[in-house]
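All remarks here apply to the structure that follows.
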Amino acid sequence: MALVNKVLVVGGGVGGMCVAIQLRKQGVAVDLVELNPDWAPDGAGITISGPSLRALREVGVVDEVLRRGGHWTHVDICAADGSLLNSVPLAPALGAEDMPPAGGIMRPVLADILATAVREAGVRVRLGLTFEHIEQDADGVDVRFSDGSQGRYDLVIGADGVNSKLRQLVLPDFPGPKFSGQGSWRAVVPRTRQNSTIFMGATTKAGLNPVSPDESYLFVLDRREGMEFIPPEQWPAMLAELIAEFGGAVGDIRRGFLDGTLTHHRIVYRPLAGHMIPAPWHRGRLVLLGDTVHATTPHLASGAGIAIEGALVLAEELGRRHFLEGALTAYAGRHYDRARLVVTASGRMGQIERDGGSLEEHRAVMMHAMEALRAPL
C-alpha cells in the first residue's frame, strides 16, 4: 500500500509543479492550488545550472527547456569596456555529460513547460485560490479552500514561496526572510553573444545570459540600504545609471534604454532576501518545500535548481519509505546540506560584492560550491 494516496500541493511554482509531476509517476492523486489565476510568474530570464538541467531531465522536461531556452559552454569574462579578459570553460554535471553545462530560459517559458507537464501527468489544477483553514489528525488533513470547497488529504506540501502562508502553520515562530543588502536588476535584451558573459566594472558587475536563440537577459546587482519600493516607471533610468561605466554590449543596451531604440525591454527589480531554516521541515502531515525553507540570492544560479532537487528527494522518500514521519525526516536530512551550501555560498558572495571584499575569495567560494553541486543527489 502506498505511503500516501492523495496529496495537496499549495503553490504552483517550480518546486510545487515538479513534486506534483513526480508523485503522479508513483500513482498518487495530486491536487495543486495556485493563488495566481493566470499561473504566469512575473520576471525576466533565469539561469539553469548543469545540476538543475540534470534534475529537469529526471522530471522529464529538459528537452523542451533546451529547445526553448539558451545554453552555453563557457563564461566570458570582460572588462568594463567590453574587451575579453578570459573565457572559462564549464564542466557539466556528473551523470549529465551529454547535456550543456549551463543554460538560461525566460521564467514564464519555464513555467509554461512545467504547467503543460503537470496537466499531462493528470494533476488536478485549481487556479485563483488557496487554503483558508487546515486541520490535521493522525490519519489525514482536512482543508477548507478560499472558494468554500473542502478536501481531505494524506499529506499537504507547502510550496508557496518565500512568504509562505503554510509555513505559518509549520513554523509559527519563524521571523521571516532577511534582507541581503543587495537588489537585483534584470532586463530582456537582444542576444548578441554566444556565451554567458560577465562584465567587471570598478563598482558594479553586470552580465548577459542567453535565454533563447535571439534573446538574453541583462543582470546587475547593486547595493541597497533596505527593501524600499521603487516605482517601476523609474526602473529604466535607474538601471541606465547603474551601468553607465560599461561599454561594449552593455553600453549598447544602455544607449537603447536612453534613446528609446530598445523599446521592448522588460525590466524587473527585486530586493534580495533569503533564509535557511533548520530541519525538521514538517509538522505532522504538513511539509515545506523550496523557497519556504531555503530562499537564496541568485549568485550561484541555483535557487530554482535546489527547489527542483528538493521535489525529487521528497517524492523519492515518499515512494520508498514505510512510515510518513521517516519519509519527511529523511527528505530534509538528504536535501539540507545541498540547500545550505547554495544559501550560504550565495550569501557570502553577495557580502563580498557589497563590501568590496576579496575577488579571490569570491571566486573560491563560487568554484567550491559549483564543484560540490556537480555531484549527484
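The way I read the labels, and the way they are meant: chains A, B, ... in the order of the C-alpha cells, residue 1 as the first residue of every chain, and ligand 1 as the first ligand shown, with later ones counted on from there.
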
Next on the checklist: I want to know what sits within 7 Å of Gly161 of chain A, based on only C-alpha atoms, with residues of the same chain fewer than 2 positions away left out; could you give that as number ranges by chain?
Outcome noted: A: 159, 163-164, 291-292

Interface rows for segment 180-293 of chain A against segment 64-80 of chain A: nearest pair, Å to one decimal, 10 Å, only C-alpha atoms, as a Markdown table:
```
| residue | atom | partner | partner_atom | distance |
| --- | --- | --- | --- | --- |
| A:Arg191 | CA | A:Gly70 | CA | 9.9 |
| A:Arg193 | CA | A:Asp76 | CA | 9.5 |
| A:Gln194 | CA | A:Trp72 | CA | 7.0 |
| A:Asn195 | CA | A:Trp72 | CA | 5.2 |
| A:Ser196 | CA | A:Val75 | CA | 4.9 |
| A:Thr197 | CA | A:Asp76 | CA | 4.6 |
| A:Ile198 | CA | A:Ile77 | CA | 5.0 |
| A:Phe199 | CA | A:Cys78 | CA | 4.8 |
| A:Met200 | CA | A:Ala79 | CA | 5.2 |
| A:Gly201 | CA | A:Ala80 | CA | 4.8 |
| A:Ala202 | CA | A:Ala80 | CA | 7.8 |
| A:Thr204 | CA | A:Ala80 | CA | 9.2 |
| A:Lys205 | CA | A:Ala80 | CA | 8.7 |
| A:Ala206 | CA | A:Ala80 | CA | 8.9 |
| A:Gly207 | CA | A:Ile77 | CA | 9.2 |
| A:Leu208 | CA | A:Asp76 | CA | 9.8 |
| A:Asn209 | CA | A:Gly70 | CA | 8.2 |
| A:Pro210 | CA | A:Gly70 | CA | 5.1 |
| A:Val211 | CA | A:Gly70 | CA | 4.5 |
| A:Ser212 | CA | A:Gly69 | CA | 4.2 |
| A:Pro213 | CA | A:Gly70 | CA | 6.1 |
| A:Asp214 | CA | A:Gly70 | CA | 8.7 |
| A:Glu215 | CA | A:Gly70 | CA | 8.4 |
| A:Ser216 | CA | A:Gly70 | CA | 8.3 |
| A:Ile243 | CA | A:Ala80 | CA | 9.4 |
| A:Ala244 | CA | A:Ala80 | CA | 9.8 |
| A:Glu245 | CA | A:Ala80 | CA | 6.7 |
| A:Phe246 | CA | A:Ala80 | CA | 4.8 |
| A:Gly247 | CA | A:Ala80 | CA | 6.1 |
| A:Gly248 | CA | A:Ala80 | CA | 7.8 |
| A:Ala249 | CA | A:Ala80 | CA | 9.9 |
| A:Val250 | CA | A:Ala80 | CA | 8.7 |
| A:Gly251 | CA | A:Ala80 | CA | 9.1 |
```

Checklist entry - Taking the backbone alone, and naming residues the way the document does, which bits of segment 79-187 of chain A are helix (DSSP H, G or I) by DSSP, as a PyMOL selection string? => result chain A and resi 107-121+167-170

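With atom CA of Gly12 of chain A on one side and atom CA of Glu34 of chain A on the other, the separation reads 5.1 Å.
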
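The closest residue to Ile157 of chain A, picked from A:Leu56, A:Ala315, A:Ala93, A:Val62 and counting only C-alpha atoms, is A:Ala315.
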
Next on the checklist: I need the residue nearest Ala111 of chain A from this list: A:Leu258, A:Val156, A:Leu35, A:Ala304. Use only C-alpha atoms for the distance.
Outcome noted: A:Ala304

Next on the checklist: I need the residues of segment 63-268 of chain A that end up classed as strand (DSSP E) by DSSP on the backbone, written out as a PyMOL selection string.
Outcome noted: chain A and resi 70-72+74-79+84-89+102-106+124-127+131-136+141-145+150-153+155-158+178-190+196-200+205-210+215-223+267-268

Checklist entry - Leaving out Arg266 of chain A and any residue of its chain fewer than 5 positions from it, which residues lie within 12 Å of it when counting only C-alpha atoms, given as a VMD selection string? => result chain A and resid 42 to 45 106 185 to 190 215 to 219 232 to 233 235 to 236 239 257

Could you please take those selected residues and save N, CA, C and O atoms as a PDB file, in the first residue's frame?
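Below you can see result20.pdb, which holds the result:
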```
ATOM      1  N   ASP A  42       5.776  36.631 -12.945  1.00  0.00           N
ATOM      2  CA  ASP A  42       6.482  37.793 -13.469  1.00  0.00           C
ATOM      3  C   ASP A  42       7.966  37.448 -13.549  1.00  0.00           C
ATOM      4  O   ASP A  42       8.446  36.499 -12.955  1.00  0.00           O
ATOM      5  N   GLY A  43       8.691  38.255 -14.276  1.00  0.00           N
ATOM      6  CA  GLY A  43      10.133  38.070 -14.272  1.00  0.00           C
ATOM      7  C   GLY A  43      10.717  38.007 -15.652  1.00  0.00           C
ATOM      8  O   GLY A  43      10.010  37.885 -16.658  1.00  0.00           O
ATOM      9  N   ALA A  44      12.023  38.117 -15.673  1.00  0.00           N
ATOM     10  CA  ALA A  44      12.769  38.062 -16.925  1.00  0.00           C
ATOM     11  C   ALA A  44      13.344  36.658 -17.051  1.00  0.00           C
ATOM     12  O   ALA A  44      12.648  35.669 -16.913  1.00  0.00           O
ATOM     13  N   GLY A  45      14.633  36.571 -17.330  1.00  0.00           N
ATOM     14  CA  GLY A  45      15.243  35.269 -17.513  1.00  0.00           C
ATOM     15  C   GLY A  45      15.844  34.739 -16.229  1.00  0.00           C
ATOM     16  O   GLY A  45      16.104  35.477 -15.279  1.00  0.00           O
ATOM     17  N   MET A 106      13.528  32.096 -20.216  1.00  0.00           N
ATOM     18  CA  MET A 106      12.607  33.054 -19.628  1.00  0.00           C
ATOM     19  C   MET A 106      11.793  32.361 -18.537  1.00  0.00           C
ATOM     20  O   MET A 106      11.321  31.231 -18.725  1.00  0.00           O
ATOM     21  N   TRP A 185      18.636  43.585 -10.624  1.00  0.00           N
ATOM     22  CA  TRP A 185      18.032  44.179 -11.815  1.00  0.00           C
ATOM     23  C   TRP A 185      18.176  43.202 -12.975  1.00  0.00           C
ATOM     24  O   TRP A 185      19.257  42.648 -13.193  1.00  0.00           O
ATOM     25  N   ARG A 186      17.100  43.007 -13.705  1.00  0.00           N
ATOM     26  CA  ARG A 186      17.147  42.146 -14.892  1.00  0.00           C
ATOM     27  C   ARG A 186      16.353  42.810 -16.009  1.00  0.00           C
ATOM     28  O   ARG A 186      15.354  43.478 -15.769  1.00  0.00           O
ATOM     29  N   ALA A 187      16.822  42.599 -17.232  1.00  0.00           N
ATOM     30  CA  ALA A 187      16.144  43.140 -18.402  1.00  0.00           C
ATOM     31  C   ALA A 187      16.340  42.189 -19.566  1.00  0.00           C
ATOM     32  O   ALA A 187      17.439  41.659 -19.763  1.00  0.00           O
ATOM     33  N   VAL A 188      15.295  41.962 -20.321  1.00  0.00           N
ATOM     34  CA  VAL A 188      15.379  41.107 -21.506  1.00  0.00           C
ATOM     35  C   VAL A 188      15.824  41.961 -22.687  1.00  0.00           C
ATOM     36  O   VAL A 188      15.226  43.014 -22.974  1.00  0.00           O
ATOM     37  N   VAL A 189      16.880  41.524 -23.367  1.00  0.00           N
ATOM     38  CA  VAL A 189      17.502  42.311 -24.438  1.00  0.00           C
ATOM     39  C   VAL A 189      17.837  41.386 -25.602  1.00  0.00           C
ATOM     40  O   VAL A 189      17.872  40.160 -25.452  1.00  0.00           O
ATOM     41  N   PRO A 190      18.115  41.939 -26.787  1.00  0.00           N
ATOM     42  CA  PRO A 190      18.525  41.092 -27.914  1.00  0.00           C
ATOM     43  C   PRO A 190      19.810  40.337 -27.601  1.00  0.00           C
ATOM     44  O   PRO A 190      20.720  40.856 -26.943  1.00  0.00           O
ATOM     45  N   GLU A 215      17.371  36.017 -27.685  1.00  0.00           N
ATOM     46  CA  GLU A 215      17.260  36.920 -26.543  1.00  0.00           C
ATOM     47  C   GLU A 215      18.226  36.512 -25.434  1.00  0.00           C
ATOM     48  O   GLU A 215      18.568  35.337 -25.283  1.00  0.00           O
ATOM     49  N   SER A 216      18.657  37.511 -24.675  1.00  0.00           N
ATOM     50  CA  SER A 216      19.430  37.304 -23.450  1.00  0.00           C
ATOM     51  C   SER A 216      18.780  38.114 -22.341  1.00  0.00           C
ATOM     52  O   SER A 216      17.905  38.950 -22.590  1.00  0.00           O
ATOM     53  N   TYR A 217      19.226  37.854 -21.118  1.00  0.00           N
ATOM     54  CA  TYR A 217      18.821  38.780 -20.068  1.00  0.00           C
ATOM     55  C   TYR A 217      20.052  39.431 -19.470  1.00  0.00           C
ATOM     56  O   TYR A 217      21.079  38.797 -19.256  1.00  0.00           O
ATOM     57  N   LEU A 218      19.939  40.723 -19.263  1.00  0.00           N
ATOM     58  CA  LEU A 218      20.961  41.509 -18.585  1.00  0.00           C
ATOM     59  C   LEU A 218      20.699  41.420 -17.091  1.00  0.00           C
ATOM     60  O   LEU A 218      19.561  41.594 -16.647  1.00  0.00           O
ATOM     61  N   PHE A 219      21.745  41.134 -16.314  1.00  0.00           N
ATOM     62  CA  PHE A 219      21.578  41.133 -14.856  1.00  0.00           C
ATOM     63  C   PHE A 219      22.614  42.040 -14.216  1.00  0.00           C
ATOM     64  O   PHE A 219      23.777  42.082 -14.644  1.00  0.00           O
ATOM     65  N   PRO A 232       8.036  51.369 -10.744  1.00  0.00           N
ATOM     66  CA  PRO A 232       8.529  50.777 -11.999  1.00  0.00           C
ATOM     67  C   PRO A 232       8.859  51.784 -13.083  1.00  0.00           C
ATOM     68  O   PRO A 232       9.754  51.533 -13.903  1.00  0.00           O
ATOM     69  N   GLU A 233       8.172  52.938 -13.093  1.00  0.00           N
ATOM     70  CA  GLU A 233       8.470  53.929 -14.128  1.00  0.00           C
ATOM     71  C   GLU A 233       9.872  54.514 -13.978  1.00  0.00           C
ATOM     72  O   GLU A 233      10.417  55.101 -14.920  1.00  0.00           O
ATOM     73  N   TRP A 235      12.507  52.560 -13.220  1.00  0.00           N
ATOM     74  CA  TRP A 235      13.468  51.480 -13.421  1.00  0.00           C
ATOM     75  C   TRP A 235      14.393  51.699 -14.618  1.00  0.00           C
ATOM     76  O   TRP A 235      15.610  51.509 -14.489  1.00  0.00           O
ATOM     77  N   PRO A 236      13.902  52.090 -15.799  1.00  0.00           N
ATOM     78  CA  PRO A 236      14.831  52.243 -16.927  1.00  0.00           C
ATOM     79  C   PRO A 236      15.946  53.249 -16.662  1.00  0.00           C
ATOM     80  O   PRO A 236      17.123  52.978 -16.945  1.00  0.00           O
ATOM     81  N   LEU A 239      18.401  51.857 -13.945  1.00  0.00           N
ATOM     82  CA  LEU A 239      19.275  50.810 -14.476  1.00  0.00           C
ATOM     83  C   LEU A 239      20.312  51.404 -15.425  1.00  0.00           C
ATOM     84  O   LEU A 239      21.485  51.011 -15.395  1.00  0.00           O
ATOM     85  N   PHE A 257      18.278  51.983 -23.877  1.00  0.00           N
ATOM     86  CA  PHE A 257      17.351  52.432 -22.836  1.00  0.00           C
ATOM     87  C   PHE A 257      17.112  53.935 -22.916  1.00  0.00           C
ATOM     88  O   PHE A 257      15.989  54.419 -22.775  1.00  0.00           O
TER      89      PHE A 257
END
```

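Across the model, the gap from atom CA of Arg374 of chain A to atom CA of Leu328 of chain A is 24.7 Å.
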
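From atom CA of Ala339 of chain A back to atom CA of Gly122 of chain A, the distance works out to 29.2 Å.
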
Checklist outcome for this item: For Pro92 of chain A, the closest of A:Gly50, A:Gly158, A:Gly256, A:Gly151 counting only C-alpha atoms is A:Gly50

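Take the candidates A:Leu289, A:Ile267, A:Ala121, A:Met99 and check each one against Gly13 of chain A using only C-alpha atoms; the shortest distance goes to A:Leu289.
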
Next on the checklist: So that I can see what lies close to Leu377 of chain A, please list as an MDAnalysis selection string the residues with an atom at most 10 Å from it, counting only C-alpha atoms and leaving out residues fewer than 3 positions away in the same chain.
Outcome noted: chainID A and resid 51 55 309:310 312:313 334:335 338 373:374

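Among the candidates A:Leu94, A:Ala115, A:Val10, A:Leu221, the residue lying nearest to Gly128 of chain A is A:Val10 (atoms considered: only C-alpha atoms).
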
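With distances restricted to only C-alpha atoms, A:Leu272 is the closest residue to Gly350 of chain A from A:Ala332, A:Glu317, A:Leu288, A:Leu272.
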